[in-house]
>>> print(open('coords_9.txt').read())   # compact mmCIF, C-alpha atoms and all ligand atoms
# COMPACT_ATOMS: atom_id res chain seq x y z
CA MET A 1467 41.41 -36.75 -4.14
CA PHE A 1468 44.51 -36.32 -6.25
CA GLU A 1469 46.10 -33.58 -8.29
CA VAL A 1470 49.01 -33.26 -10.73
CA ILE A 1471 51.72 -30.63 -10.22
CA VAL A 1472 54.81 -29.38 -12.04
CA VAL A 1473 57.62 -30.32 -9.67
CA SER A 1474 59.92 -27.35 -10.46
CA THR A 1475 57.27 -24.64 -9.96
CA GLY A 1476 54.61 -26.28 -7.78
CA GLU A 1477 51.95 -25.23 -10.33
CA ILE A 1478 48.80 -27.37 -10.11
CA LEU A 1479 47.91 -28.64 -13.56
CA ILE A 1480 44.78 -30.56 -12.72
CA SER A 1481 42.92 -31.43 -9.53
CA ASP A 1482 39.92 -33.38 -8.25
CA LEU A 1483 41.14 -36.67 -9.70
CA ALA A 1484 39.41 -39.57 -8.06
CA THR A 1485 42.24 -42.10 -8.02
CA GLY A 1486 46.01 -42.08 -7.70
CA HIS A 1487 46.21 -44.37 -10.69
CA GLU A 1488 44.44 -41.88 -12.92
CA ALA A 1489 46.67 -39.04 -11.59
CA GLU A 1490 49.79 -41.10 -12.30
CA LYS A 1491 48.79 -41.60 -15.96
CA ILE A 1492 48.04 -37.89 -16.43
CA ALA A 1493 51.36 -36.90 -14.81
CA ILE A 1494 53.26 -39.04 -17.28
CA ARG A 1495 51.37 -37.53 -20.20
CA TYR A 1496 52.02 -33.96 -19.02
CA SER A 1497 55.72 -34.71 -18.40
CA ASN A 1498 56.01 -35.68 -22.05
CA ILE A 1499 54.01 -32.75 -23.39
CA LEU A 1500 55.66 -30.05 -21.25
CA GLY A 1501 59.14 -31.53 -21.08
CA LYS A 1502 59.06 -30.90 -17.31
CA LYS A 1503 58.76 -33.38 -14.54
CA CYS A 1504 55.14 -33.66 -13.41
CA GLN A 1505 53.96 -35.62 -10.40
CA PRO A 1506 50.69 -36.80 -8.84
CA ARG A 1507 50.00 -36.00 -5.19
CA VAL A 1508 47.16 -36.18 -2.69
CA MET A 1509 45.26 -32.88 -2.74
CA LYS A 1510 45.96 -30.58 0.16
CA ALA A 1511 43.05 -30.44 2.53
CA ASP A 1512 42.19 -26.81 1.75
CA ASN A 1513 42.04 -27.25 -1.96
CA TRP A 1514 38.45 -28.42 -1.69
CA LYS A 1515 37.59 -24.94 -0.48
CA SER A 1516 38.91 -23.23 -3.58
CA ARG A 1517 37.02 -25.84 -5.59
CA GLU A 1518 33.79 -24.89 -3.79
CA VAL A 1519 34.48 -21.16 -4.19
CA SER A 1520 35.00 -21.55 -7.91
CA ARG A 1521 31.77 -23.52 -8.20
CA LEU A 1522 29.89 -20.76 -6.37
CA LEU A 1523 31.48 -17.96 -8.36
CA GLY A 1524 31.39 -19.82 -11.63
CA GLY A 1525 27.66 -20.49 -11.39
CA ALA A 1526 27.89 -24.26 -11.04
CA TYR A 1527 26.07 -23.70 -7.72
CA THR A 1528 22.91 -21.61 -7.35
CA SER A 1529 23.39 -19.11 -4.55
CA VAL A 1530 20.82 -19.09 -1.75
CA PRO A 1531 18.42 -16.11 -1.89
CA PHE A 1532 19.93 -14.65 1.29
CA ASP A 1533 23.48 -14.87 -0.09
CA ARG A 1534 24.05 -11.10 0.14
CA ASN A 1535 22.98 -10.72 3.77
CA ASP A 1536 25.61 -9.85 6.35
CA TRP A 1537 24.21 -12.28 8.95
CA PHE A 1538 24.88 -15.04 6.43
CA ARG A 1539 28.22 -13.95 4.99
CA GLU A 1540 29.78 -12.91 8.27
CA HIS A 1541 28.88 -16.09 10.11
CA LYS A 1542 31.70 -18.51 10.96
CA VAL A 1543 30.12 -21.46 9.11
CA TYR A 1544 29.78 -19.47 5.87
CA LYS A 1545 33.35 -20.23 4.78
CA GLU A 1546 33.06 -23.88 5.86
CA HIS A 1547 29.70 -24.89 4.37
CA PHE A 1548 29.55 -23.26 0.92
CA ALA A 1549 25.77 -23.58 1.26
CA HIS A 1550 23.79 -23.35 -1.96
CA VAL A 1551 20.46 -24.38 -3.45
CA SER A 1552 20.30 -28.13 -3.83
CA LYS A 1553 19.80 -29.39 -7.35
CA LYS A 1554 19.32 -32.96 -6.13
CA GLU A 1555 16.60 -32.35 -3.57
CA LEU A 1556 14.06 -29.69 -4.51
CA GLY A 1557 13.47 -27.06 -1.86
CA LYS A 1558 16.59 -27.98 0.15
CA ILE A 1559 19.95 -26.44 0.92
CA SER A 1560 23.10 -28.36 0.00
CA PHE A 1561 26.28 -27.84 2.04
CA THR A 1562 29.59 -29.34 3.07
CA ALA A 1563 29.19 -30.63 6.62
CA ASN A 1564 32.86 -31.08 7.51
CA GLU A 1565 36.48 -31.12 6.29
CA ASN A 1566 36.39 -34.81 5.44
CA ASP A 1567 33.25 -34.41 3.33
CA GLY A 1568 34.88 -31.41 1.66
CA ILE A 1569 37.90 -33.38 0.55
CA ARG A 1570 35.70 -36.24 -0.64
CA ASP A 1571 33.20 -33.81 -2.24
CA ILE A 1572 30.23 -35.11 -0.29
CA LYS A 1573 27.21 -32.88 0.31
CA THR A 1574 24.53 -32.82 3.00
CA HIS A 1575 20.98 -31.74 2.11
CA MET A 1576 18.72 -30.02 4.61
CA SER A 1577 15.50 -28.03 4.49
CA PRO A 1578 16.23 -24.30 4.87
CA GLY A 1579 14.30 -24.11 8.15
CA ARG A 1580 16.28 -26.94 9.70
CA TYR A 1581 19.58 -25.68 8.27
CA LEU A 1582 19.14 -22.15 9.60
CA THR A 1583 17.86 -23.39 12.98
CA THR A 1584 20.84 -25.70 13.33
CA PHE A 1585 23.57 -23.28 12.31
CA TYR A 1586 22.23 -19.71 12.43
CA SER A 1587 20.07 -19.67 15.58
CA ASP A 1588 22.71 -17.47 17.24
CA VAL A 1589 22.01 -14.65 14.74
CA LEU A 1590 18.39 -15.30 13.65
CA CYS A 1591 15.22 -15.56 15.71
CA ARG A 1592 12.55 -18.16 15.06
CA GLN A 1593 10.31 -15.76 13.14
CA ASN A 1594 13.22 -14.67 10.93
CA ILE A 1595 14.02 -18.26 10.10
CA GLU A 1596 10.40 -19.02 9.32
CA GLY A 1597 10.16 -16.04 6.95
CA ILE A 1598 13.39 -16.93 5.15
CA ALA A 1599 12.41 -20.58 4.91
CA ASN A 1600 9.03 -19.70 3.44
CA ASP A 1601 10.64 -17.39 0.89
CA PHE A 1602 13.10 -20.13 -0.02
CA ALA A 1603 10.28 -22.65 -0.38
CA SER A 1604 8.25 -20.31 -2.60
CA ARG A 1605 11.23 -20.17 -4.96
CA TYR A 1606 12.46 -23.74 -4.94
CA GLU A 1607 9.73 -26.05 -3.66
CA PRO A 1608 7.76 -27.79 -6.40
CA LEU A 1609 4.83 -25.43 -7.04
CA HIS A 1610 1.28 -26.42 -7.94
CA LEU A 1611 -0.99 -24.34 -10.15
CA ASN A 1612 -4.58 -24.14 -8.89
CA PHE A 1613 -7.71 -22.16 -9.69
CA ALA A 1614 -10.00 -20.78 -6.98
CA THR A 1615 -13.53 -20.27 -8.27
CA THR A 1616 -15.94 -20.01 -5.33
CA PRO A 1617 -16.22 -16.92 -3.11
CA ASP A 1618 -14.87 -18.88 -0.11
CA GLU A 1619 -11.84 -20.22 -2.00
CA ILE A 1620 -11.09 -16.83 -3.52
CA GLU A 1621 -11.29 -15.09 -0.16
CA ARG A 1622 -8.91 -17.69 1.31
CA ILE A 1623 -6.35 -17.01 -1.44
CA TYR A 1624 -6.48 -13.27 -0.78
CA MET A 1625 -6.36 -13.71 3.00
CA ASN A 1626 -3.30 -15.99 2.87
CA GLY A 1627 -1.56 -15.07 -0.35
CA PRO A 1628 0.89 -12.41 -1.51
CA ARG A 1629 0.55 -8.86 -0.22
CA SER A 1630 -1.50 -6.23 -2.03
CA CYS A 1631 -4.15 -3.66 -1.20
CA MET A 1632 -6.78 -6.41 -1.34
CA ALA A 1633 -4.79 -9.01 0.60
CA GLY A 1634 -5.59 -10.14 4.10
CA SER A 1635 -7.80 -8.12 6.40
CA HIS A 1636 -6.42 -4.84 5.09
CA PRO A 1637 -7.34 -1.96 7.46
CA GLN A 1638 -8.68 0.14 4.59
CA ILE A 1639 -11.30 -2.48 3.73
CA THR A 1640 -14.51 -1.45 5.50
CA SER A 1641 -17.04 -3.75 3.79
CA SER A 1642 -18.68 -6.41 5.97
CA VAL A 1643 -17.47 -9.26 3.73
CA HIS A 1644 -14.15 -9.52 1.91
CA PRO A 1645 -14.58 -7.61 -1.37
CA THR A 1646 -12.72 -10.21 -3.46
CA ARG A 1647 -15.64 -12.65 -2.96
CA VAL A 1648 -17.26 -10.70 -5.80
CA TYR A 1649 -14.94 -12.49 -8.26
CA GLY A 1650 -16.63 -15.81 -7.49
CA ALA A 1651 -19.60 -15.31 -9.84
CA GLY A 1652 -18.70 -18.17 -12.15
CA ASP A 1653 -16.85 -16.51 -15.00
CA LEU A 1654 -13.61 -15.52 -13.34
CA ALA A 1655 -11.18 -17.52 -11.22
CA VAL A 1656 -8.09 -16.72 -9.21
CA ALA A 1657 -5.10 -18.68 -10.48
CA TYR A 1658 -2.53 -19.32 -7.76
CA LEU A 1659 0.65 -21.21 -7.03
CA SER A 1660 0.94 -23.08 -3.77
CA TYR A 1661 3.48 -25.25 -2.02
CA VAL A 1662 3.58 -27.10 1.26
CA ASN A 1663 5.94 -25.53 3.78
CA GLU A 1664 8.05 -27.31 6.40
CA ASN A 1665 5.18 -27.38 8.87
CA GLY A 1666 2.96 -29.07 6.34
CA LYS A 1667 0.92 -25.89 5.77
CA GLU A 1668 -0.24 -24.89 2.29
CA CYS A 1669 1.33 -21.55 1.31
CA ILE A 1670 0.33 -19.36 -1.61
CA SER A 1671 3.19 -17.74 -3.45
CA ALA A 1672 1.48 -16.03 -6.39
CA ARG A 1673 -1.98 -15.22 -7.70
CA SER A 1674 -3.73 -13.59 -10.61
CA VAL A 1675 -7.35 -13.02 -11.58
CA CYS A 1676 -8.05 -14.95 -14.78
CA TRP A 1677 -10.88 -15.93 -17.10
CA PRO A 1678 -10.44 -19.66 -17.77
CA ALA A 1679 -12.93 -19.79 -20.66
CA ARG A 1680 -11.02 -17.10 -22.54
CA LYS A 1681 -7.57 -18.23 -21.35
CA ILE A 1682 -6.57 -14.74 -20.23
CA TYR A 1683 -5.09 -13.46 -16.99
CA GLY A 1684 -4.47 -10.03 -15.46
CA ARG A 1685 -1.85 -8.55 -13.18
CA VAL A 1686 0.20 -11.11 -11.25
CA TYR A 1687 1.02 -10.69 -7.56
CA GLY A 1688 3.80 -12.49 -5.68
CA ASN A 1689 6.21 -14.86 -7.40
CA SER A 1690 5.16 -13.59 -10.82
CA SER A 1691 7.67 -15.29 -13.11
CA LYS A 1692 6.70 -18.77 -11.89
CA LEU A 1693 2.96 -18.15 -12.15
CA ILE A 1694 3.30 -16.57 -15.58
CA LYS A 1695 5.24 -19.60 -16.76
CA ALA A 1696 2.69 -22.00 -15.28
CA LEU A 1697 -0.20 -20.10 -16.91
CA GLU A 1698 1.50 -19.74 -20.27
CA ASP A 1699 2.24 -23.46 -20.21
CA LYS A 1700 -1.53 -23.86 -20.13
CA GLU A 1701 -1.84 -21.42 -23.05
CA PHE A 1702 -3.14 -18.50 -21.00
CA LYS A 1703 -2.21 -15.02 -22.28
CA ARG A 1704 -1.88 -11.80 -20.32
CA ASN A 1705 -4.61 -9.42 -21.39
CA ASP A 1706 -5.86 -6.77 -19.00
CA ASN A 1707 -8.37 -5.28 -21.43
CA ASP A 1708 -10.32 -8.32 -22.49
CA PHE A 1709 -12.22 -8.98 -19.25
CA GLU A 1710 -15.12 -6.94 -20.65
CA GLY A 1711 -18.38 -8.83 -20.04
CA ALA A 1712 -17.18 -11.08 -17.20
CA ARG A 1713 -19.74 -11.41 -14.42
CA LEU A 1714 -19.09 -10.33 -10.83
CA LEU A 1715 -21.36 -10.84 -7.84
CA ARG A 1716 -23.63 -7.88 -7.13
CA ILE A 1717 -23.64 -7.64 -3.32
CA LYS A 1718 -25.31 -4.62 -1.76
CA GLU A 1719 -24.35 -3.27 1.65
CA ASN A 1720 -26.50 -0.36 2.83
CA ASP A 1721 -26.69 1.86 -0.25
CA LYS A 1722 -23.37 0.78 -1.75
CA PHE A 1723 -22.06 -2.23 -3.65
CA ILE A 1724 -19.21 -4.37 -2.40
CA MET A 1725 -16.34 -4.33 -4.85
CA PRO A 1726 -12.60 -5.00 -4.68
CA TYR A 1727 -9.99 -2.83 -6.31
CA LEU A 1728 -10.64 -4.49 -9.66
CA GLU A 1729 -7.54 -6.20 -11.03
CA CYS A 1730 -8.99 -6.71 -14.49
CA GLY A 1731 -10.95 -3.54 -15.32
CA LEU A 1732 -11.97 -0.14 -14.01
CA SER A 1733 -15.74 -0.20 -13.89
CA VAL A 1734 -18.83 -2.43 -13.98
CA LYS A 1735 -22.43 -2.06 -15.06
CA ASP A 1736 -25.66 -3.75 -13.94
CA TYR A 1737 -26.45 -7.11 -15.50
CA ASP A 1738 -29.35 -8.29 -13.35
CA ASP A 1739 -30.18 -8.40 -9.63
CA GLU A 1740 -27.48 -10.96 -8.99
CA TYR A 1741 -24.59 -9.87 -11.20
CA PHE A 1742 -22.56 -6.98 -12.52
CA ILE A 1743 -20.51 -7.28 -15.68
CA ILE A 1744 -17.14 -5.66 -16.26
CA SER A 1745 -17.47 -2.78 -18.70
CA ARG A 1746 -15.27 0.07 -19.87
CA VAL A 1747 -18.29 2.37 -19.70
CA GLY A 1748 -19.87 1.05 -16.49
CA ILE A 1749 -21.28 3.61 -14.13
CA TYR A 1750 -19.77 1.93 -11.04
CA THR A 1751 -16.08 2.70 -10.70
CA CYS A 1752 -14.04 -0.08 -9.08
CA ILE A 1753 -10.72 1.47 -8.13
CA CYS A 1754 -11.29 1.86 -4.37
CA VAL A 1755 -9.45 -0.10 -1.70
CA ASN A 1756 -12.20 0.40 0.90
CA GLY A 1757 -14.28 -2.48 -0.46
CA PHE A 1758 -16.94 -0.54 -2.35
CA ALA A 1759 -17.67 0.67 -5.87
CA TYR A 1760 -18.77 4.25 -6.39
CA ILE A 1761 -20.65 6.19 -9.02
CA ALA A 1762 -18.22 8.75 -10.38
CA VAL A 1763 -19.21 12.42 -10.55
CA GLU A 1764 -17.72 15.02 -12.87
CA CYS A 1765 -16.22 18.15 -11.34
CA PRO A 1766 -17.84 21.05 -13.25
CA HIS A 1767 -14.64 23.10 -12.95
CA CYS A 1768 -11.93 20.74 -14.23
CA ASN A 1769 -14.30 18.25 -15.95
CA ARG A 1770 -12.53 15.22 -14.51
CA THR A 1771 -14.49 12.51 -12.67
CA PHE A 1772 -14.09 11.61 -9.01
CA ASN A 1773 -15.40 9.53 -6.14
CA PRO A 1774 -17.94 11.95 -4.63
CA GLU A 1775 -17.52 10.46 -1.16
CA THR A 1776 -13.79 10.82 -0.82
CA SER A 1777 -12.55 13.27 -3.44
CA MET A 1778 -15.23 15.94 -3.74
CA ILE A 1779 -16.67 18.69 -1.57
CA SER A 1780 -20.20 19.97 -1.61
CA VAL A 1781 -20.26 23.71 -2.38
CA ILE A 1782 -23.17 26.18 -1.99
CA ILE A 1783 -23.57 28.46 -4.99
CA ASP A 1784 -24.48 31.83 -3.47
CA ALA A 1785 -26.32 33.13 -6.52
CA THR A 1786 -28.79 30.24 -6.70
CA ASN A 1787 -28.44 28.63 -3.25
CA GLU A 1788 -28.02 25.18 -4.85
CA GLU A 1789 -25.34 22.63 -3.84
CA ILE A 1790 -22.77 21.43 -6.40
CA ARG A 1791 -19.83 19.04 -5.87
CA TYR A 1792 -16.37 20.18 -6.93
CA CYS A 1793 -13.21 18.10 -6.67
CA ASN A 1794 -10.86 18.45 -3.69
CA SER A 1795 -8.28 20.35 -5.72
CA CYS A 1796 -10.62 22.79 -7.47
CA THR A 1797 -12.65 23.59 -4.35
CA PRO A 1798 -10.07 25.71 -2.46
CA MET A 1799 -9.29 27.71 -5.61
CA ILE A 1800 -12.84 28.75 -6.44
CA THR A 1801 -14.65 28.89 -3.11
CA TYR A 1802 -14.48 30.54 0.29
CA ILE A 1803 -15.53 29.16 3.66
CA CYS A 1804 -18.35 31.07 5.33
CA ASN A 1805 -17.33 31.69 8.95
CA TYR A 1806 -21.00 31.55 9.96
CA ASP A 1807 -21.94 28.06 8.67
CA GLY A 1808 -18.43 26.65 8.13
CA LEU A 1809 -19.40 25.49 4.60
CA ASN A 1810 -17.76 26.07 1.23
CA HIS A 1811 -19.51 28.73 -0.81
CA ARG A 1812 -18.99 30.01 -4.33
CA GLY A 1813 -19.83 33.70 -4.82
CA ASN A 1814 -18.92 36.98 -3.11
CA PRO A 1815 -18.43 36.78 0.64
CA ILE A 1816 -19.33 39.65 2.95
CA LEU A 1817 -16.56 41.09 5.11
CA MET A 1818 -17.79 41.40 8.69
CA GLY A 1819 -16.70 43.98 11.31
CA ASN A 1820 -14.59 41.35 13.08
CA ASN A 1821 -12.79 40.52 9.80
CA GLN A 1822 -14.68 37.24 9.26
CA TYR A 1823 -16.26 36.36 5.91
CA TRP A 1824 -19.92 35.49 5.77
CA SER A 1825 -22.01 34.21 2.90
CA PRO A 1826 -24.81 36.52 1.72
CA GLN A 1827 -27.33 33.91 2.93
CA ALA A 1828 -25.93 33.91 6.46
CA TYR A 1829 -25.75 37.71 6.50
CA SER A 1830 -29.32 38.21 5.31
CA GLN A 1831 -30.61 35.99 8.12
CA PHE A 1832 -28.25 36.66 10.98
CA GLY A 1833 -26.38 39.88 10.23
CA PHE A 1834 -26.98 43.63 10.47
CA GLN A 1835 -25.24 46.85 9.57
CA CYS A 1836 -24.05 49.04 12.47
CA GLU A 1837 -25.51 52.50 11.94
CA GLY A 1838 -22.66 54.02 13.89
CA GLY A 1839 -20.36 53.00 11.03
CA SER A 1840 -18.47 50.04 12.57
CA GLY A 1841 -19.41 47.63 9.77
CA LYS A 1842 -21.48 44.45 9.61
CA TRP A 1843 -22.07 42.18 12.63
CA HIS A 1844 -23.90 39.16 13.99
CA LEU A 1845 -27.37 40.04 15.31
CA ARG A 1846 -26.34 39.11 18.83
CA GLU A 1847 -23.87 42.02 18.73
CA LYS A 1848 -26.70 44.49 18.17
CA VAL A 1849 -27.43 47.29 20.69
CA ILE A 1850 -30.43 49.54 20.08
CA ILE A 1851 -29.74 53.17 20.82
CA GLY A 1852 -32.39 55.77 21.60
CA ASP A 1853 -35.20 55.53 19.10
CA GLY A 1854 -34.19 52.32 17.38
CA ILE A 1855 -30.77 53.03 15.92
CA ALA A 1856 -28.68 49.82 15.62
CA TRP A 1857 -25.13 49.93 16.89
CA SER A 1858 -22.65 47.09 17.23
CA ARG A 1859 -21.67 46.19 20.78
CA GLU A 1860 -18.13 47.12 19.77
CA PHE A 1861 -19.17 50.64 18.70
CA PHE A 1862 -21.42 51.06 21.76
CA ARG A 1863 -18.55 50.21 24.10
CA LYS A 1864 -16.66 53.27 22.81
CA ASN A 1865 -19.50 55.65 22.09
CA GLY A 1866 -22.45 54.77 24.29
CA LYS A 1867 -23.61 54.39 27.88
CA ARG A 1868 -26.51 52.94 29.85
CA CYS A 1869 -28.83 54.87 32.18
CA ILE A 1870 -28.23 53.77 35.77
CA HIS A 1871 -31.93 54.06 36.48
CA CYS A 1872 -33.65 52.36 33.58
CA ASP A 1873 -30.70 50.66 31.82
CA ARG A 1874 -31.61 52.26 28.49
CA ALA A 1875 -28.78 52.41 25.96
CA MET A 1876 -27.93 55.86 24.53
CA THR A 1877 -25.12 57.93 23.12
CA ARG A 1878 -22.56 59.07 25.59
CA GLY A 1879 -23.61 62.76 25.66
CA GLU A 1880 -27.33 62.04 26.05
CA ILE A 1881 -29.37 62.57 29.23
CA CYS A 1882 -32.04 59.94 29.83
CA ARG A 1883 -35.63 61.14 29.77
CA CYS A 1884 -36.46 59.01 32.76
CA ASN A 1885 -34.49 61.28 35.10
CA GLU A 1886 -34.10 65.05 34.96
CA VAL A 1887 -31.51 64.95 37.75
CA GLU A 1888 -27.88 65.06 36.63
CA GLU A 1889 -26.95 61.55 37.74
CA GLN A 1890 -25.74 60.03 34.53
CA ILE A 1891 -22.93 57.54 34.88
CA PRO A 1892 -21.04 56.58 31.73
CA PHE A 1893 -21.11 52.97 30.61
CA ASP A 1894 -17.42 52.59 31.33
CA LEU A 1895 -15.87 54.89 33.93
CA ASN A 1896 -12.41 54.52 32.47
CA ASP A 1897 -13.59 55.97 29.20
CA VAL A 1898 -14.66 59.32 30.70
CA THR A 1899 -12.70 62.17 29.15
CA THR A 1900 -14.42 65.32 30.53
ZN ZN A 2001 -12.04 19.82 -10.33
ZN ZN A 2002 -33.09 56.21 32.28
>>> encode(input="coords_9.txt", output="structure tokens", more="lines below")
Ligand SMILES: [Zn+2]
Ligand SMILES: [Zn+2]
Amino acid sequence: MFEVIVVSTGEILISDLATGHEAEKIAIRYSNILGKKCQPRVMKADNWKSREVSRLLGGAYTSVPFDRNDWFREHKVYKEHFAHVSKKELGKISFTANENDGIRDIKTHMSPGRYLTTFYSDVLCRQNIEGIANDFASRYEPLHLNFATTPDEIERIYMNGPRSCMAGSHPQITSSVHPTRVYGAGDLAVAYLSYVNENGKECISARSVCWPARKIYGRVYGNSSKLIKALEDKEFKRNDNDFEGARLLRIKENDKFIMPYLECGLSVKDYDDEYFIISRVGIYTCICVNGFAYIAVECPHCNRTFNPETSMISVIIDATNEEIRYCNSCTPMITYICNYDGLNHRGNPILMGNNQYWSPQAYSQFGFQCEGGSGKWHLREKVIIGDGIAWSREFFRKNGKRCIHCDRAMTRGEICRCNEVEEQIPFDLNDVTT
């Protein structure tokens, strides 16, 4: 390659000229225009590097997606290769293989997996390279728009496609079959973009639930801009609210219905034995990630609706003894926990002698009042004194004794009728004060 310089200053006027003949002609023209002697010369070897830098910075080259990573920028080949996204060969990296190619402006094209394995294996492991290569491919490989319509196809897209709460075998999903199979009822489809990766495997880079007959699609997961473009090219429009009426499969498991976190609505209603349809006023709410729909219940305190299984607590109303569900946030504010049954109660708890709170129900069945004045206790704490007076064990320990002959409980000063002889021994010898 040739360039033209001003002889007196060394300033480069123009570079990258293919032939010496062309450079000669330009030098003569500039000499006349500038009134200074200009000369052609063979480009210095390093000039190709500044040419590559200016192409990268100037946007003539598309930077690779990992351009900002330290492992890439700090590697020794970074400043030699000027690697960028190939425009000539889709899905490949274009780079300058050596000095000679640099001067002659010749590029080498390689798939990202092969490129990184060849030059970056000292800083990247195999899994890293695979991940980066797949990401690169999802951006630059030619992508194909497809529509999955059957339960099996739809499940495959969710199992292998972009991450979300419904993707793969998510640990929160507890249903026996993948909940997204429900979409395969005939009305809806899952639009997705796929490409073939370096190992020849089909990879899914984006997906969206859509309704082909109405040409609408919902939220897009993964490489959204590409899928949106592909769908809009086919005259689909984004519309999350118009899926009303679309059928979903009605699959029962035990007493619940299998349902994904619905990406195109909030609830469904019964259609027939086989199908649900999406409805704004459906009784089955479909916002759970566990794989099931639920019938929402209103909290009578805050009047909002909740999933009764996960977000509500059953509370016993003391006055009527009925059970009512309140939401998880209202419950602690308006109820107490009965220390006898461990359940939430709404009403007035009873303070027991040991500072526990009991519900009136528990107290009426299993509690008693200590007639010595030590408060209310569990029945098993009861000690009967003399002619049927109920004391708590606690009160008896301080104020009572047992007859050593007949074991009868009595007040401390009493003499048992069973024995006229003065042989009374107090219940607890340490407590004797006389
Ligand atoms: Zn509430
Ligand atoms: Zn006695």
>>> residues_near_ligand(input="coords_9.txt", ligand="ligand ZN 2001 (chain A)", cutoff="6 Å", atoms="all atoms listed in the file", output="JSON, numbers by chain")
{"A": [1765, 1767, 1768, 1792, 1793, 1795, 1796]}
>>> residues_near_ligand(input="coords_9.txt", ligand="ligand ZN 2002 (chain A)", cutoff="6 Å", atoms="all atoms listed in the file", output="list in words")
Cys1869, His1871, Cys1872, Arg1874, Cys1882, Cys1884 and Asn1885 of chain A
>>> residues_around(input="coords_9.txt", residues="Ile1779 of chain A", least_positions_apart="6", cutoff="12 Å", atoms="all atoms listed in the file", output="VMD selection string")
chain A and resid 1763 to 1766 1772 to 1773 1789 to 1798 1800 to 1801 1803 1809 to 1812
>>> residues_around(input="coords_9.txt", residues="Trp1843 of chain A", least_positions_apart="6", cutoff="9 Å", atoms="only C-alpha atoms", output="PDB file with C-alpha atoms, in the coordinates of the input")
ATOM      1  CA  MET A1818     -17.790  41.400   8.690  1.00  0.00           C
ATOM      2  CA  GLY A1819     -16.700  43.980  11.310  1.00  0.00           C
ATOM      3  CA  ASN A1820     -14.590  41.350  13.080  1.00  0.00           C
ATOM      4  CA  TYR A1829     -25.750  37.710   6.500  1.00  0.00           C
ATOM      5  CA  PHE A1832     -28.250  36.660  10.980  1.00  0.00           C
ATOM      6  CA  GLY A1833     -26.380  39.880  10.230  1.00  0.00           C
ATOM      7  CA  PHE A1834     -26.980  43.630  10.470  1.00  0.00           C
ATOM      8  CA  GLN A1835     -25.240  46.850   9.570  1.00  0.00           C
ATOM      9  CA  CYS A1836     -24.050  49.040  12.470  1.00  0.00           C
ATOM     10  CA  SER A1858     -22.650  47.090  17.230  1.00  0.00           C
TER      11      SER A1858
END
>>> closest_residue(input="coords_9.txt", among="A:Lys1681, A:Asn1720, A:Leu1483, A:Ile1753", to="Glu1701 of chain A", atoms="all atoms listed in the file")
A:Lys1681
>>> atom_distance(input="coords_9.txt", atom1="atom CA of Trp1677 of chain A", atom2="atom CA of Ser1604 of chain A")
24.4 Å
>>> closest_atom_pairs(input="coords_9.txt", of="segment 1494-1572 of chain A", to="segment 1467-1476 of chain A", cutoff="8 Å", atoms="all atoms listed in the file", output="JSON lines")
{"residue": "A:Lys1502", "atom": "CA", "partner": "A:Val1472", "partner_atom": "CA", "distance": 6.9}
{"residue": "A:Lys1503", "atom": "CA", "partner": "A:Val1473", "partner_atom": "CA", "distance": 5.9}
{"residue": "A:Cys1504", "atom": "CA", "partner": "A:Val1472", "partner_atom": "CA", "distance": 4.5}
{"residue": "A:Gln1505", "atom": "CA", "partner": "A:Ile1471", "partner_atom": "CA", "distance": 5.5}
{"residue": "A:Pro1506", "atom": "CA", "partner": "A:Val1470", "partner_atom": "CA", "distance": 4.4}
{"residue": "A:Arg1507", "atom": "CA", "partner": "A:Glu1469", "partner_atom": "CA", "distance": 5.5}
{"residue": "A:Val1508", "atom": "CA", "partner": "A:Phe1468", "partner_atom": "CA", "distance": 4.4}
{"residue": "A:Met1509", "atom": "CA", "partner": "A:Phe1468", "partner_atom": "CA", "distance": 5.0}
{"residue": "A:Ile1569", "atom": "CA", "partner": "A:Met1467", "partner_atom": "CA", "distance": 6.8}
{"residue": "A:Arg1570", "atom": "CA", "partner": "A:Met1467", "partner_atom": "CA", "distance": 6.7}
>>> atom_distance(input="coords_9.txt", atom1="atom CA of Met1725 of chain A", atom2="atom CA of Val1648 of chain A")
6.5 Å
>>> atom_distance(input="coords_9.txt", atom1="atom CA of Thr1776 of chain A", atom2="atom CA of Cys1631 of chain A")
17.4 Å
